[in-house]
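*Asks:* One file is attached below, upload.cif, containing mmCIF, C-alpha atoms and all ligand atoms.
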data_start
loop_
_atom_site.group_PDB
_atom_site.id
_atom_site.type_symbol
_atom_site.label_atom_id
_atom_site.label_comp_id
_atom_site.auth_asym_id
_atom_site.auth_seq_id
_atom_site.Cartn_x
_atom_site.Cartn_y
_atom_site.Cartn_z
ATOM 1 C CA MET X 25 91.004 99.535 121.939
ATOM 2 C CA THR X 26 93.674 102.170 121.143
ATOM 3 C CA HIS X 27 96.284 100.831 118.785
ATOM 4 C CA ALA X 28 99.964 101.652 119.251
ATOM 5 C CA LEU X 29 101.514 103.912 116.656
ATOM 6 C CA PRO X 30 103.374 102.235 113.814
ATOM 7 C CA LYS X 31 107.119 101.885 114.314
ATOM 8 C CA ILE X 32 109.098 104.136 111.968
ATOM 9 C CA THR X 33 112.519 103.399 110.499
ATOM 10 C CA ALA X 34 114.257 106.300 108.762
ATOM 11 C CA HIS X 35 116.280 104.879 105.891
ATOM 12 C CA PHE X 36 118.780 107.192 104.197
ATOM 13 C CA ALA X 37 121.929 107.349 102.127
ATOM 14 C CA ILE X 38 124.334 109.840 103.643
ATOM 15 C CA THR X 39 127.815 111.168 102.865
ATOM 16 C CA ALA X 40 130.782 111.026 105.231
ATOM 17 C CA ASP X 41 130.045 114.701 106.016
ATOM 18 C CA ALA X 42 126.401 113.843 106.788
ATOM 19 C CA LYS X 43 124.682 115.303 103.704
ATOM 20 C CA ILE X 44 121.709 113.598 102.076
ATOM 21 C CA SER X 45 121.540 115.561 98.811
ATOM 22 C CA THR X 46 123.852 116.438 95.991
ATOM 23 C CA LYS X 47 124.476 120.097 95.142
ATOM 24 C CA ASN X 48 121.666 120.115 92.604
ATOM 25 C CA ARG X 49 119.284 118.216 94.891
ATOM 26 C CA THR X 50 119.258 115.415 92.367
ATOM 27 C CA PRO X 51 118.071 111.945 93.431
ATOM 28 C CA SER X 52 120.338 110.140 95.860
ATOM 29 C CA LEU X 53 122.580 108.549 93.275
ATOM 30 C CA PHE X 54 125.748 108.584 95.338
ATOM 31 C CA THR X 55 125.453 105.042 96.690
ATOM 32 C CA SER X 56 126.125 101.775 94.881
ATOM 33 C CA PRO X 57 123.707 99.576 92.909
ATOM 34 C CA THR X 58 124.173 97.039 95.740
ATOM 35 C CA ASP X 59 122.760 99.602 98.136
ATOM 36 C CA LYS X 60 119.826 100.355 95.864
ATOM 37 C CA SER X 61 119.089 96.641 95.827
ATOM 38 C CA ARG X 62 119.325 96.482 99.627
ATOM 39 C CA LEU X 63 116.830 99.372 99.784
ATOM 40 C CA ARG X 64 114.342 97.153 97.967
ATOM 41 C CA THR X 65 114.710 94.429 100.585
ATOM 42 C CA VAL X 66 114.173 97.014 103.328
ATOM 43 C CA ARG X 67 111.035 98.213 101.541
ATOM 44 C CA ALA X 68 109.790 94.645 101.279
ATOM 45 C CA ALA X 69 110.133 94.195 105.045
ATOM 46 C CA HIS X 70 107.739 97.053 105.875
ATOM 47 C CA ASP X 71 103.989 97.588 105.687
ATOM 48 C CA ALA X 72 104.282 101.114 104.294
ATOM 49 C CA ILE X 73 106.772 103.487 102.672
ATOM 50 C CA LEU X 74 106.531 107.106 103.830
ATOM 51 C CA ALA X 75 107.971 110.176 102.086
ATOM 52 C CA GLY X 76 107.564 113.931 102.094
ATOM 53 C CA ARG X 77 106.297 115.842 99.093
ATOM 54 C CA GLY X 78 109.786 117.278 98.445
ATOM 55 C CA THR X 79 111.371 113.847 98.078
ATOM 56 C CA VAL X 80 108.635 112.436 95.862
ATOM 57 C CA ALA X 81 108.945 115.487 93.601
ATOM 58 C CA ALA X 82 112.767 115.681 93.565
ATOM 59 C CA ASP X 83 113.408 111.970 93.184
ATOM 60 C CA THR X 84 110.417 111.295 90.886
ATOM 61 C CA MET X 85 109.666 108.293 93.056
ATOM 62 C CA SER X 86 107.151 105.608 92.166
ATOM 63 C CA MET X 87 107.650 104.094 95.653
ATOM 64 C CA ARG X 88 106.948 100.709 94.093
ATOM 65 C CA LEU X 89 108.347 97.255 94.790
ATOM 66 C CA THR X 90 108.651 95.574 91.414
ATOM 67 C CA ASP X 91 111.204 92.855 92.230
ATOM 68 C CA GLU X 92 109.324 89.581 91.560
ATOM 69 C CA THR X 93 111.220 87.555 94.162
ATOM 70 C CA LEU X 94 110.482 90.082 96.891
ATOM 71 C CA ARG X 95 106.842 90.354 95.837
ATOM 72 C CA ARG X 96 106.426 86.551 95.904
ATOM 73 C CA GLU X 97 108.129 86.363 99.287
ATOM 74 C CA ARG X 98 105.661 88.942 100.675
ATOM 75 C CA LEU X 99 102.707 87.053 99.217
ATOM 76 C CA SER X 100 103.969 83.821 100.824
ATOM 77 C CA ARG X 101 103.846 85.664 104.172
ATOM 78 C CA GLY X 102 100.204 86.599 103.551
ATOM 79 C CA LEU X 103 101.049 90.232 102.740
ATOM 80 C CA PRO X 104 100.077 92.302 99.713
ATOM 81 C CA PRO X 105 102.838 92.215 97.075
ATOM 82 C CA GLU X 106 103.865 95.821 97.692
ATOM 83 C CA PRO X 107 103.893 98.022 100.789
ATOM 84 C CA LEU X 108 101.396 100.875 101.030
ATOM 85 C CA ARG X 109 102.758 104.171 99.645
ATOM 86 C CA VAL X 110 102.224 107.208 101.871
ATOM 87 C CA VAL X 111 103.076 110.826 101.041
ATOM 88 C CA VAL X 112 102.738 113.812 103.374
ATOM 89 C CA SER X 113 102.216 117.386 102.262
ATOM 90 C CA ASN X 114 100.847 120.315 104.201
ATOM 91 C CA ALA X 115 100.093 122.580 101.243
ATOM 92 C CA GLY X 116 98.845 119.708 99.062
ATOM 93 C CA ARG X 117 100.316 120.930 95.804
ATOM 94 C CA LEU X 118 100.864 117.465 94.341
ATOM 95 C CA ASP X 119 101.077 116.728 90.646
ATOM 96 C CA PRO X 120 98.664 114.010 89.392
ATOM 97 C CA ALA X 121 101.242 113.236 86.676
ATOM 98 C CA TRP X 122 103.781 111.961 89.210
ATOM 99 C CA LYS X 123 104.803 108.310 88.891
ATOM 100 C CA ILE X 124 103.198 107.448 92.203
ATOM 101 C CA PHE X 125 99.793 108.224 90.684
ATOM 102 C CA GLN X 126 100.317 106.033 87.599
ATOM 103 C CA PRO X 127 98.333 102.777 87.403
ATOM 104 C CA GLY X 128 99.798 99.727 89.167
ATOM 105 C CA GLY X 129 101.277 99.302 92.603
ATOM 106 C CA SER X 130 99.764 99.500 96.037
ATOM 107 C CA THR X 131 97.312 102.182 97.114
ATOM 108 C CA ALA X 132 98.863 105.640 97.335
ATOM 109 C CA VAL X 133 97.745 107.314 100.550
ATOM 110 C CA ILE X 134 98.045 111.103 100.700
ATOM 111 C CA LEU X 135 98.125 112.751 104.115
ATOM 112 C CA SER X 136 97.471 116.432 103.602
ATOM 113 C CA THR X 137 95.267 119.285 104.758
ATOM 114 C CA THR X 138 92.274 121.244 103.588
ATOM 115 C CA ARG X 139 94.839 123.697 102.161
ATOM 116 C CA MET X 140 94.999 121.371 99.139
ATOM 117 C CA PRO X 141 93.597 123.307 96.159
ATOM 118 C CA GLN X 142 90.141 122.124 95.044
ATOM 119 C CA ARG X 143 91.376 121.382 91.519
ATOM 120 C CA THR X 144 94.128 119.117 92.892
ATOM 121 C CA ARG X 145 91.633 117.314 95.126
ATOM 122 C CA SER X 146 89.380 116.555 92.166
ATOM 123 C CA ALA X 147 92.290 115.361 90.030
ATOM 124 C CA LEU X 148 93.773 113.150 92.763
ATOM 125 C CA ALA X 149 90.570 111.672 94.176
ATOM 126 C CA PRO X 150 90.315 108.831 91.604
ATOM 127 C CA LEU X 151 94.067 108.096 91.807
ATOM 128 C CA CYS X 152 94.692 107.641 95.541
ATOM 129 C CA ASP X 153 93.237 107.673 99.055
ATOM 130 C CA LEU X 154 93.112 111.328 100.096
ATOM 131 C CA HIS X 155 93.079 112.158 103.806
ATOM 132 C CA LEU X 156 92.713 115.905 104.288
ATOM 133 C CA PHE X 157 93.040 117.153 107.859
ATOM 134 C CA ASP X 158 91.278 120.390 108.727
ATOM 135 C CA ALA X 159 94.452 122.007 110.090
ATOM 136 C CA PRO X 160 97.307 124.136 108.703
ATOM 137 C CA SER X 161 99.687 121.172 108.930
ATOM 138 C CA VAL X 162 99.241 117.406 109.020
ATOM 139 C CA PRO X 163 98.851 116.246 112.643
ATOM 140 C CA LEU X 164 101.364 113.420 112.464
ATOM 141 C CA VAL X 165 100.307 111.414 115.514
ATOM 142 C CA PRO X 166 96.614 111.078 114.536
ATOM 143 C CA ALA X 167 97.657 110.530 110.917
ATOM 144 C CA LEU X 168 99.989 107.680 111.890
ATOM 145 C CA ARG X 169 97.347 106.212 114.173
ATOM 146 C CA MET X 170 94.907 106.264 111.253
ATOM 147 C CA LEU X 171 97.428 104.306 109.139
ATOM 148 C CA ARG X 172 97.471 101.666 111.854
ATOM 149 C CA THR X 173 93.710 101.446 112.393
ATOM 150 C CA ASP X 174 92.484 101.886 108.803
ATOM 151 C CA TYR X 175 95.291 100.162 106.887
ATOM 152 C CA GLY X 176 96.835 97.811 109.472
ATOM 153 C CA VAL X 177 100.244 99.466 109.170
ATOM 154 C CA LYS X 178 102.599 98.390 111.944
ATOM 155 C CA ARG X 179 106.007 99.088 110.409
ATOM 156 C CA ILE X 180 106.885 102.071 108.242
ATOM 157 C CA VAL X 181 110.076 102.862 106.367
ATOM 158 C CA CYS X 182 110.514 106.612 105.923
ATOM 159 C CA GLU X 183 112.642 107.253 102.849
ATOM 160 C CA GLY X 184 112.881 111.015 103.218
ATOM 161 C CA GLY X 185 113.341 113.700 103.189
ATOM 162 C CA GLY X 186 115.098 115.689 105.848
ATOM 163 C CA GLU X 187 112.200 118.024 106.601
ATOM 164 C CA LEU X 188 109.859 115.114 107.279
ATOM 165 C CA VAL X 189 112.447 113.305 109.423
ATOM 166 C CA ARG X 190 112.937 116.470 111.426
ATOM 167 C CA SER X 191 109.226 116.716 112.214
ATOM 168 C CA LEU X 192 109.146 113.018 113.171
ATOM 169 C CA ALA X 193 112.208 113.550 115.383
ATOM 170 C CA GLU X 194 110.622 116.587 117.063
ATOM 171 C CA LEU X 195 107.793 114.265 118.130
ATOM 172 C CA ASP X 196 110.177 111.423 119.017
ATOM 173 C CA LEU X 197 108.455 109.107 116.553
ATOM 174 C CA ILE X 198 111.540 107.427 115.065
ATOM 175 C CA SER X 199 112.222 103.903 116.344
ATOM 176 C CA SER X 200 115.256 103.149 114.238
ATOM 177 C CA ILE X 201 117.580 104.663 111.664
ATOM 178 C CA GLN X 202 119.350 102.832 108.865
ATOM 179 C CA LEU X 203 122.058 104.810 107.123
ATOM 180 C CA THR X 204 124.247 103.880 104.207
ATOM 181 C CA ILE X 205 127.336 105.997 104.734
ATOM 182 C CA ALA X 206 128.996 106.557 101.375
ATOM 183 C CA PRO X 207 132.743 107.268 101.312
ATOM 184 C CA ILE X 208 132.311 110.720 99.760
ATOM 185 C CA ILE X 209 131.997 114.284 101.055
ATOM 186 C CA PHE X 210 129.955 117.107 99.520
ATOM 187 C CA GLY X 211 130.393 120.146 101.758
ATOM 188 C CA GLY X 212 127.713 122.802 101.429
ATOM 189 C CA ALA X 213 126.789 124.946 104.427
ATOM 190 C CA ALA X 214 123.087 124.727 103.617
ATOM 191 C CA ALA X 215 123.085 121.187 102.260
ATOM 192 C CA PRO X 216 120.327 119.053 103.808
ATOM 193 C CA THR X 217 121.183 116.479 106.446
ATOM 194 C CA LEU X 218 119.049 113.721 107.967
ATOM 195 C CA THR X 219 117.095 116.428 109.816
ATOM 196 C CA GLY X 220 116.846 118.783 106.866
ATOM 197 C CA ILE X 221 118.565 122.044 106.108
ATOM 198 C CA PRO X 222 120.659 122.959 109.156
ATOM 199 C CA GLY X 223 118.672 125.174 111.510
ATOM 200 C CA ASP X 224 117.572 125.075 115.101
ATOM 201 C CA PHE X 225 118.458 122.250 117.441
ATOM 202 C CA LEU X 226 115.759 119.682 118.123
ATOM 203 C CA PRO X 227 113.724 120.416 121.257
ATOM 204 C CA ARG X 228 115.821 117.695 122.901
ATOM 205 C CA PRO X 229 118.510 115.301 121.713
ATOM 206 C CA LEU X 230 117.404 111.749 120.918
ATOM 207 C CA ASP X 231 119.684 108.879 121.959
ATOM 208 C CA PHE X 232 120.122 105.827 119.778
ATOM 209 C CA LYS X 233 122.083 102.609 120.236
ATOM 210 C CA ILE X 234 124.237 101.118 117.519
ATOM 211 C CA LYS X 235 122.650 97.797 116.599
ATOM 212 C CA SER X 236 125.027 96.887 113.776
ATOM 213 C CA THR X 237 127.579 98.209 111.329
ATOM 214 C CA THR X 238 128.320 96.305 108.152
ATOM 215 C CA ILE X 239 130.591 97.091 105.247
ATOM 216 C CA ILE X 240 128.844 96.195 102.011
ATOM 217 C CA ASP X 241 130.387 96.954 98.635
ATOM 218 C CA GLY X 242 132.645 99.660 100.096
ATOM 219 C CA GLU X 243 129.857 101.417 102.011
ATOM 220 C CA CYS X 244 129.054 101.321 105.709
ATOM 221 C CA VAL X 245 125.518 100.298 106.619
ATOM 222 C CA LEU X 246 124.752 101.575 110.103
ATOM 223 C CA HIS X 247 121.674 100.448 111.997
ATOM 224 C CA LEU X 248 120.601 102.451 115.068
ATOM 225 C CA THR X 249 117.696 101.796 117.417
ATOM 226 C CA ARG X 250 116.098 104.317 119.743
ATOM 227 C CA SER X 251 117.259 103.899 123.308
ATOM 228 C CA PRO X 252 114.541 103.173 125.850
ATOM 229 C CA ARG X 253 112.915 106.440 126.948
HETATM 230 N N1 LIG X 301 119.999 110.583 100.695
HETATM 231 C C1 LIG X 301 118.789 110.086 100.884
HETATM 232 O O1 LIG X 301 118.626 108.926 101.296
HETATM 233 C C2 LIG X 301 117.601 110.945 100.600
HETATM 234 C C3 LIG X 301 116.340 110.487 100.959
HETATM 235 C C4 LIG X 301 115.253 111.308 100.698
HETATM 236 C C5 LIG X 301 115.417 112.536 100.130
HETATM 237 N N2 LIG X 301 116.662 112.941 99.789
HETATM 238 C C6 LIG X 301 116.843 114.249 99.171
HETATM 239 O O2 LIG X 301 116.298 115.237 100.018
HETATM 240 C C7 LIG X 301 115.774 116.287 99.200
HETATM 241 C C8 LIG X 301 114.335 116.591 99.624
HETATM 242 O O3 LIG X 301 114.381 117.080 100.951
HETATM 243 P P1 LIG X 301 113.167 117.842 101.635
HETATM 244 O O4 LIG X 301 113.581 118.196 103.008
HETATM 245 O O5 LIG X 301 112.613 118.855 100.699
HETATM 246 O O6 LIG X 301 112.182 116.630 101.652
HETATM 247 P P2 LIG X 301 110.801 116.231 102.241
HETATM 248 O O7 LIG X 301 110.773 116.199 103.721
HETATM 249 O O8 LIG X 301 110.529 114.995 101.492
HETATM 250 O O9 LIG X 301 109.799 117.321 101.681
HETATM 251 C C9 LIG X 301 109.477 118.494 102.326
HETATM 252 C C10 LIG X 301 108.009 118.713 102.101
HETATM 253 O O10 LIG X 301 107.298 117.559 102.557
HETATM 254 C C11 LIG X 301 106.148 117.952 103.250
HETATM 255 N N3 LIG X 301 106.337 117.668 104.664
HETATM 256 C C12 LIG X 301 107.478 117.487 105.347
HETATM 257 N N4 LIG X 301 107.221 117.231 106.645
HETATM 258 C C13 LIG X 301 105.888 117.248 106.759
HETATM 259 C C14 LIG X 301 104.998 117.050 107.844
HETATM 260 N N5 LIG X 301 105.450 116.805 109.072
HETATM 261 N N6 LIG X 301 103.684 117.135 107.619
HETATM 262 C C15 LIG X 301 103.218 117.389 106.378
HETATM 263 N N7 LIG X 301 104.007 117.599 105.296
HETATM 264 C C16 LIG X 301 105.330 117.521 105.499
HETATM 265 C C17 LIG X 301 106.005 119.456 103.019
HETATM 266 O O11 LIG X 301 105.296 119.538 101.797
HETATM 267 P P3 LIG X 301 104.439 120.810 101.313
HETATM 268 O O12 LIG X 301 105.421 121.875 100.990
HETATM 269 O O13 LIG X 301 103.740 120.282 100.109
HETATM 270 O O14 LIG X 301 103.544 121.188 102.433
HETATM 271 C C18 LIG X 301 107.453 119.885 102.861
HETATM 272 O O15 LIG X 301 107.623 121.084 102.143
HETATM 273 C C19 LIG X 301 115.861 115.825 97.755
HETATM 274 O O16 LIG X 301 116.983 116.448 97.166
HETATM 275 C C20 LIG X 301 116.098 114.335 97.870
HETATM 276 O O17 LIG X 301 116.885 113.836 96.818
HETATM 277 C C21 LIG X 301 117.743 112.176 100.018
#
Output the structure of this file as structure tokens.
*Replies:*
Amino acid sequence: MTHALPKITAHFAITADAKISTKNRTPSLFTSPTDKSRLRTVRAAHDAILAGRGTVAADTMSMRLTDETLRRERLSRGLPPEPLRVVVSNAGRLDPAWKIFQPGGSTAVILSTTRMPQRTRSALAPLCDLHLFDAPSVPLVPALRMLRTDYGVKRIVCEGGGELVRSLAELDLISSIQLTIAPIIFGGAAAPTLTGIPGDFLPRPLDFKIKSTTIIDGECVLHLTRSPR
């Protein structure tokens, strides 16, 4: 039986002029503590968290869910306490010292290619599940299908960054988008947006429907779902 692909929600903080990064590409600290807390509840509602190598490096992410209440609530639903942590990288230059490779937390799953240097492979092998595709770039559709068949992942929250979202959008793999729109503008002609550093148009526009808008702690939380194709 062929399993369906997991459903992907892109979850981002964004400025009123649609930027996702500060000038110095520092972690997304421009939304409120309330929003950070809401992010944890979104994480808890998914089977896996997905991020690109750039985001994990820039934001020094552990991708963990440490909130005891949320962990207990997941366990009561028969789920593991934390969602699976998935990182994609074509070149595979990942640092074994990153927080995501520290002890504790769910399995870290690395989707990369045989371009990963041998030394990195040896260092990472005991710290995570390494899936190296024999291709110049990670074939996203088979990789996502593997997450479903091998790990039972049905719902993924993609927490960045723009380059990864762009490649998911090119393949029309995004089911929903949740944005926290912060009342701030950054400017910056080359500042990354939801689909990365401004460049070419997508092969075709993707239509979404507005499912809800909520004002929470002075920020607008916008939930979009992909329109039927
Ligand atoms: N506001 C927010 O909510 C938010 C969320 C996330 C990130 N950010 C910000 O965004 C910035 C990072 O952006 P970014 O565009 O560099 O992030 P990114 O998409 O996380 O990282 C780009 C890297 O990820 C890997 N990658 C991306 N798409 C891939 C694919 N389809 N297959 C395989 N590997 C893929 C590649 O790694 P290799 O080079 O290793 O091949 C690529 O160079 C940071 O400043 C971060 O703070 C903001």
*Asks:* Nearest residue to ligand LIG 301 (chain X) out of X:Pro57, X:Gly76, X:Pro150, X:Pro120, using only C-alpha atoms and all ligand atoms?
*Replies:*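 Under the stated criterion, the closest residue is X:Gly76.
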*Asks:* Going by the chain IDs and residue numbers used in this file, which residues fall under the PyMOL selection byres (((chain X and resi 106-113) around 6) and not hetatm)? Write them as a PDB file with C-alpha atoms, keeping the file's coordinate frame.
*Replies:*
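Printed below is expr_15.pdb as written:
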ATOM      1  CA  ASP X  71     103.989  97.588 105.687  1.00  0.00           C
ATOM      2  CA  ALA X  72     104.282 101.114 104.294  1.00  0.00           C
ATOM      3  CA  ILE X  73     106.772 103.487 102.672  1.00  0.00           C
ATOM      4  CA  LEU X  74     106.531 107.106 103.830  1.00  0.00           C
ATOM      5  CA  ALA X  75     107.971 110.176 102.086  1.00  0.00           C
ATOM      6  CA  GLY X  76     107.564 113.931 102.094  1.00  0.00           C
ATOM      7  CA  ARG X  77     106.297 115.842  99.093  1.00  0.00           C
ATOM      8  CA  LEU X  89     108.347  97.255  94.790  1.00  0.00           C
ATOM      9  CA  PRO X 104     100.077  92.302  99.713  1.00  0.00           C
ATOM     10  CA  PRO X 105     102.838  92.215  97.075  1.00  0.00           C
ATOM     11  CA  ASN X 114     100.847 120.315 104.201  1.00  0.00           C
ATOM     12  CA  ALA X 115     100.093 122.580 101.243  1.00  0.00           C
ATOM     13  CA  GLY X 116      98.845 119.708  99.062  1.00  0.00           C
ATOM     14  CA  SER X 130      99.764  99.500  96.037  1.00  0.00           C
ATOM     15  CA  THR X 131      97.312 102.182  97.114  1.00  0.00           C
ATOM     16  CA  ALA X 132      98.863 105.640  97.335  1.00  0.00           C
ATOM     17  CA  VAL X 133      97.745 107.314 100.550  1.00  0.00           C
ATOM     18  CA  ILE X 134      98.045 111.103 100.700  1.00  0.00           C
ATOM     19  CA  LEU X 135      98.125 112.751 104.115  1.00  0.00           C
ATOM     20  CA  SER X 136      97.471 116.432 103.602  1.00  0.00           C
TER      21      SER X 136
END
*Asks:* List the neighbours of segment 40-50 of chain X out to 12 Å using all atoms listed in the file; skip same-chain residues closer than 4 positions along the sequence, and give me the result as a VMD selection string.
*Replies:* chain X and resid 35 to 36 54 to 55 78 to 85 183 to 187 189 203 to 222 243 to 244
*Asks:* How would the residues just chosen look if you wrote them out with C-alpha atoms as a short mmCIF file (atom, residue, chain, number, x, y, z; two decimals), keeping the file's coordinate frame?
*Replies:*
data_model
loop_
_atom_site.label_atom_id
_atom_site.label_comp_id
_atom_site.auth_asym_id
_atom_site.auth_seq_id
_atom_site.Cartn_x
_atom_site.Cartn_y
_atom_site.Cartn_z
CA HIS X 35 116.28 104.88 105.89
CA PHE X 36 118.78 107.19 104.20
CA PHE X 54 125.75 108.58 95.34
CA THR X 55 125.45 105.04 96.69
CA GLY X 78 109.79 117.28 98.44
CA THR X 79 111.37 113.85 98.08
CA VAL X 80 108.64 112.44 95.86
CA ALA X 81 108.94 115.49 93.60
CA ALA X 82 112.77 115.68 93.56
CA ASP X 83 113.41 111.97 93.18
CA THR X 84 110.42 111.30 90.89
CA MET X 85 109.67 108.29 93.06
CA GLU X 183 112.64 107.25 102.85
CA GLY X 184 112.88 111.02 103.22
CA GLY X 185 113.34 113.70 103.19
CA GLY X 186 115.10 115.69 105.85
CA GLU X 187 112.20 118.02 106.60
CA VAL X 189 112.45 113.30 109.42
CA LEU X 203 122.06 104.81 107.12
CA THR X 204 124.25 103.88 104.21
CA ILE X 205 127.34 106.00 104.73
CA ALA X 206 129.00 106.56 101.38
CA PRO X 207 132.74 107.27 101.31
CA ILE X 208 132.31 110.72 99.76
CA ILE X 209 132.00 114.28 101.06
CA PHE X 210 129.96 117.11 99.52
CA GLY X 211 130.39 120.15 101.76
CA GLY X 212 127.71 122.80 101.43
CA ALA X 213 126.79 124.95 104.43
CA ALA X 214 123.09 124.73 103.62
CA ALA X 215 123.08 121.19 102.26
CA PRO X 216 120.33 119.05 103.81
CA THR X 217 121.18 116.48 106.45
CA LEU X 218 119.05 113.72 107.97
CA THR X 219 117.10 116.43 109.82
CA GLY X 220 116.85 118.78 106.87
CA ILE X 221 118.56 122.04 106.11
CA PRO X 222 120.66 122.96 109.16
CA GLU X 243 129.86 101.42 102.01
CA CYS X 244 129.05 101.32 105.71
#
*Asks:* For ligand LIG 301 (chain X), I'd like the enclosing box, axis-aligned and padded by 4 Å on every side, reported as lines of an AutoDock Vina configuration file with centre and edge lengths in Å to one decimal.
*Replies:*
center_x = 111.6
center_y = 115.4
center_z = 102.9
size_x = 24.8
size_y = 20.9
size_z = 20.3
*Asks:* Between atom CA of Val181 of chain X and atom CA of Lys31 of chain X, what is the distance in Å, rounded to a tenth?
*Replies:* 8.5 Å
*Asks:* Nearest to ligand LIG 301 (chain X): which of X:Ile38, X:Ala167, X:Ala69, X:Ala147 is it, counting all atoms listed in the file?
*Replies:*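 The shortest atom-to-atom distance to ligand LIG 301 (chain X) comes from X:Ile38.
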*Asks:* Find, counting all atoms listed in the file, the residue in X:Ile32, X:Leu154, X:Ile234, X:Ala68 that gets nearest to Ser199 of chain X.
*Replies:*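 Distance minimum relative to Ser199 of chain X lands on X:Ile32.
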*Asks:* Quick one: of X:Gln142, X:Ser236, X:Thr137, X:Thr173, who's nearest to ligand LIG 301 (chain X), counting all atoms listed in the file?
*Replies:*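 Result for the nearest residue to ligand LIG 301 (chain X): X:Thr137.
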